[in-house]
Amino acid sequence: FFSTFMLSVISPGLMWLIGWRLGQTAGRNEFVIAMAHGLQGGAFFLATINLTRHMCRSLGLGESHFGWPKGPLDAIRKSMWWLTVVGLPLTLIVLVTESQPDEAIKNSVGRTAFLGLQALFIACAHAVWHAPQGLSKQLTLEKMSGRVDHWWLRLCRLCQVASFAVPGLLAVLALVGYYYTAVQLAQRVLATSWLIGGAFVLHATLLRWLLLAYRDLARKRTREIRAAEDRSRAPNERRGEFSLAEPTVRLADINVQMHKLVGMLVCAAFLFGCSVVWVELYPALEILDTVQLWPHPFSITEKPDATATADLTTVAYTLSLGQLLAATVVGLITAFAAKNVPGLIEISILRNLNLDSGARYAISAVTQYAISACGISLAFGCVGVGWQNVQWLVAAMTVGLGFGLQEIFANFASGLLLLIERPIRVGDLVTIGDTTGKVTRIRIRATTITDSDMREAIVPNRNIISGKVMNWTLTDSTTRMTFTVTIPNTCAPDLVQQVLLDVAKAHPHVLKDPAPHALLDEFAIDKLTFVCHVYLANRDVYNQLRHDLNSAIRAAFIREGIDKSHQEDEPQIIIHLPEAA
């Protein structure tokens, strides 16, 4: 990356230095001052072109390190050549004419160069998108392979439309007489384009850093495994040094949450940069407040004082386009934050604390609900609907819905109690009624329990709060397993007990504390019934442990000569028939 950057700034640095020296020696010569400003501004334009071209070259930074496809990189590199040969002189003309005071030169020479520059941008966009191996072809291939999300494809298509529409709109503004406005907008559009490119490079750089970090971690673990094998191998078995294969780590191996975290950080940086670039145009957006969506504002009669009983006043409420757009933006930000901020908190904070998965899930869920509530409140505030305006309506709706939808409200309140009190947590093994399984989700209305057959049972939260629930792992996940063995009464009880204990203690999943125990539970004339109790740390290995112990008990009984089979003798009835005469 450093070498690519240094190769990109050599010629722009010389151009900027020449412009700076011209500005120092210009005195009051307006043309020289304008030329100095033009060279300094053109240096940044040339640096952007050089940096893009060097990143897109064959086996360059984009192809070798970022993993970008070769076809679109070739198309972008060819477009950068045209921007250098044709676009740089046009940019210098626009910058020089804008830096001198003569309006006639601006509106003639400057406007012509500006129109030519916008036409060049459209031609380069066409070459990049519609080349045989351009971006459109690459997006089509990725869409067919299913490697990208639909929202990313829509965003790329939006960028494709904007790459043609924005230069065309700026050219139209310059043609119809709004040349100054077109130039100001073009400067900010160019700065926004730099931010977009910088966001892509920053995102790719962070992912590359994560890839290298995971690769170093894999290499370290490989060395540790090799060292452990060398220590465990006898000295006479060591054959000398050998090289292990380099661990292969792909971007798909990196945690998905880290991808989301990197994406959120890059998006936040991009939005902050856009706010800085477009901050001077914010006052112009106040014109949207003059666009009334309802030509005739509606009125609400209010008391000027909460204690007054007379002198009612009429307050007019209106809804403008600016308020609606602000509420829409707040709603979109709220939806994005409610979906991603809990995951960010879990990655950056909760995983570093001594909390179980249920506690992390509860904190994330409550955070999501709090963000949603605050965002909805702010969105209503943007359209002028405050608490003082709707409190009477909320009170009436609460009473009405409380009677009509009391089950839903009861489940809602019960869901909050489950997240706060936490009688059950995500990951707990519970029994509710005739359903036994793991808690996988706790939502506002219901809780999802997945049983051993991978069937999901949706249990209303009210049933959990008001009903009987058996939580197998609330304070201790230790579980007891019971075996019942029936053998003939001719077997020695002490031998059977010792065999059962030996088999139980030999299994690695059986806990030493509490220790397993076996006892003679019942005896009859022809059989003995033994019960063996073992304890395991959790129920994740319950079925496998039962199979292993049953198989081991059978093998041990056969080895010790204990007949486990038992079959009662059926009574025989003998009938004597009289002999025939």
# chains A, B, ... in the order shown; residues from 1 in each chain; ligands from 1
>>> residues_around(residues="Cys159 (chain A)", least_positions_apart="4", cutoff="12 Å", atoms="only C-alpha atoms", output="PyMOL selection string")
chain A and resi 125+129+135-136+152-155+163-166+193+196
>>> residues_around(residues="Val277 (chain A)", least_positions_apart="2", cutoff="12 Å", atoms="only C-alpha atoms", output="count of residues only")
22
>>> residues_around(residues="Ala362 (chain A)", least_positions_apart="3", cutoff="6 Å", atoms="only C-alpha atoms", output="MDAnalysis selection string")
chainID A and resid 359 365 419
>>> atom_distance(atom1="CA of His507 (chain A)", atom2="CA of Gly437 (chain A)")
25.0 Å
>>> closest_residue(among="A:Asn543, A:Ser108, A:Thr334, A:Thr490", to="Gly561 (chain A)", atoms="only C-alpha atoms")
A:Thr490
>>> residues_around(residues="region 532-538 of chain A", least_positions_apart="6", cutoff="8 Å", atoms="only C-alpha atoms", output="ChimeraX atom specification")
/A:477-484,500-501,504,509-511,514-519
>>> residues_around(residues="Val128 (chain A)", least_positions_apart="2", cutoff="8 Å", atoms="only C-alpha atoms", output="JSON, numbers by chain")
{"A": [72, 75, 76, 79, 124, 125, 126, 130, 131, 134, 135]}
>>> atom_distance(atom1="CA of Val469 (chain A)", atom2="CA of Ile363 (chain A)")
22.6 Å
